[in-house]
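Q: Input: one structure, supplied below.
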Amino acid sequence: MSKETNAPAADRETPPGTPWEALRRPRFLWSLWPWRSLGYLASTVLTGTVLAVLISPITFPLLFLGTALEEMAQGQNHPTWFLAVLLGLGLALLLAFGPLVAVPVARLERWRIRLVHPRLRSGHRPTGKGALRWVRIRYTEAATWREFAYLLLLVVVFGSVSWTVVYLFALMGLFLIASPLITAFGETVALFPWEFDTPASTLPLVAAGLVLLLAAPYAVAVTAHAHAALARLLLDDRGTEGLRSELVEVTRSRARLVDAFETERRRIERDLHDGAQQQLISLAMQVGLARMDAPPGSDMERTLTSVHAQAKEIIGSLREIVHGIHPKVLSDRGLPAALPELADRSAVPVRTRVDLSRRLPVHVENTAYYVAAESLSNVTKHAGATGVRLNASLDGDTLVLETIDDGQGGADPDGGTGLTGLADRVAVVGGRIWLSSPPGGPTRLRAEIPCHPSG
């Protein structure tokens, strides 16, 4: 009767995720990882060499600058302006065309790194069609410039380091082990300052070669892991694409909420205007007619007169409510007409200055009107001011709305004056609010609202 047992976790043949993990395995020397790491370093040398040749046209000024500096160290003179031109031209060419080379190279490196590390993901976002659009998006992405930095490291550092490790450990180890055979054919093995010309004299070299070959897998794996770890740092997606997509969706959803809120406000306004307000007007007319039929001086006439006066007051209050929800003048003529009308209804004298050269998007106008109305309401209720200035102007594609009063100051967003609600409302459309209100005044509230289309 056989009994099946599970092998210990340490003995299972589970492929390690990196050369560093493989390095700690007891059978590392006989596993596939040293050969994969060696292949990774050898391909790094090849890739770095080919890239150095390919980008030589854009690095030629810098290479020539290095030659000129070397000649100056040997006593030759070069004009300072000449060196400055070489430096400026070299940097300009490198920054202009380097990212164009870095993007495809990074794609190749993400494929090549799978020899020793888990797969990397690109941090680029889709660009759509069009060469100009591709260039504009790629040159403004952080991922592109990280790939550009990796390209420079690959050409200048990684290739040299990889070649040094492969040469010192693998190639030199093989050379030293083969030294007795070399001397047997009558050749001299020269290792400055020593020379070996007989097989017997090269026995210490064979021992050194064996040590180098035994150490080579470890040196190659450590170097490959360090290189791949730095490549992962520069080439892997850091989650920015996902965060960017989520941010775009949040921005769009906020814009949709603003539009839905404004639609609901207008529906309420329409229902109040066409429904409740018209019914109250009809009721007031019927009460007025009934009052005319009542005996003069009777209790019924006095009661109907009081009811009629209250109905007219309710109608006036309802008109104010309807107008405050969404004034018709704002829809018809925009902020240049709506803000002065809002100022005329303020209990505190308001001087307005509206300098808008064009009609703004609907969500911007609605938000600006809301900010202006709430600001003037706060001034009336809390500031104790005798005058207010209300300014609206465009700064590029940003609407700047300011209210400045001469009140007592000391406005506090945590004091329940509605300032937090204003900031939240402006933030929904991507804007910002600044408040300056020292004790004793004046109080300045500045709202900046971007004027790009919503959605």
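Here's how to read the names in the structure tokens: chain A, B, ... by the order shown, residue numbers from 1 in each chain, ligand numbers from 1 in the order shown.
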Which residues are near region 195-199 of chain A? Cut-off 12 Å, only C-alpha atoms, ignore same chain within fewer than 2 positions. Put them as a VMD selection string.

A: chain A and resid 176 to 193 201 to 206

Q: Neighbours of region 394-402 of chain A within 8 Å (only C-alpha atoms; same-chain residues fewer than 3 positions away dropped), as an MDAnalysis selection string?

A: chainID A and resid 355:357 368 372 389:391 444:452

Q: What separation in Å, quoted to one decimal, exists between CA of Leu154 (chain A) and CA of Gly48 (chain A)?

A: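 Spanning CA of Leu154 (chain A) to CA of Gly48 (chain A) is a straight-line distance of 5.8 Å.
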
Q: What separation in Å, quoted to one decimal, exists between CA of Val222 (chain A) and CA of Ser160 (chain A)?

A: 15.4 Å

Q: Kindly indicate which residue among A:Val429, A:Leu171, A:Ile113, A:Leu100 lies nearest to Thr144 (chain A), using only C-alpha atoms for the distances.

A: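 Residue with the minimum atom-to-atom distance to Thr144 (chain A): A:Leu100.
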
Q: Would you kindly return, as JSON, numbers by chain, each protein, DNA or RNA residue with an atom no farther than 10 Å from any atom of Asp237 (chain A), considering only C-alpha atoms and excluding same-chain residues fewer than 4 positions away?

A: {"A": [120, 121, 122, 123, 124, 143, 232, 233, 241, 242]}

Q: If we count only C-alpha atoms, what is near Ala216 (chain A) at a cut-off of 8 Å, once residues fewer than 6 positions away on the same chain are taken out, given as a list in words?

A: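 Non-adjacent residues within range: Val166, Phe169 and Ala170 of chain A.
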
Q: Grab the CA of Val329 (chain A) to CA of Met285 (chain A) distance for me, in Å with one decimal place.

A: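 Here the two named atoms are 27.7 Å from each other.
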
Q: When DSSP is applied to the backbone of this structure, which of region 100-262 of chain A are assigned helix (DSSP H, G or I)? Write them out as a VMD selection string.

A: chain A and resid 100 to 115 131 to 138 142 to 177 179 to 184 200 to 235 240 to 262

Q: Can you pull out the residues contacting Val348 (chain A)? Cut-off 8 Å, using only C-alpha atoms, and skip same-chain residues under 5 positions away; I want them as a PyMOL selection string.

A: chain A and resi 379-380+385-388

Q: With distances taken over only C-alpha atoms, which of A:Leu86, A:Leu330, A:Leu376, A:Ala221 is nearest to Phe60 (chain A)?

A: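 For Phe60 (chain A), the nearest of the candidates is A:Leu86.
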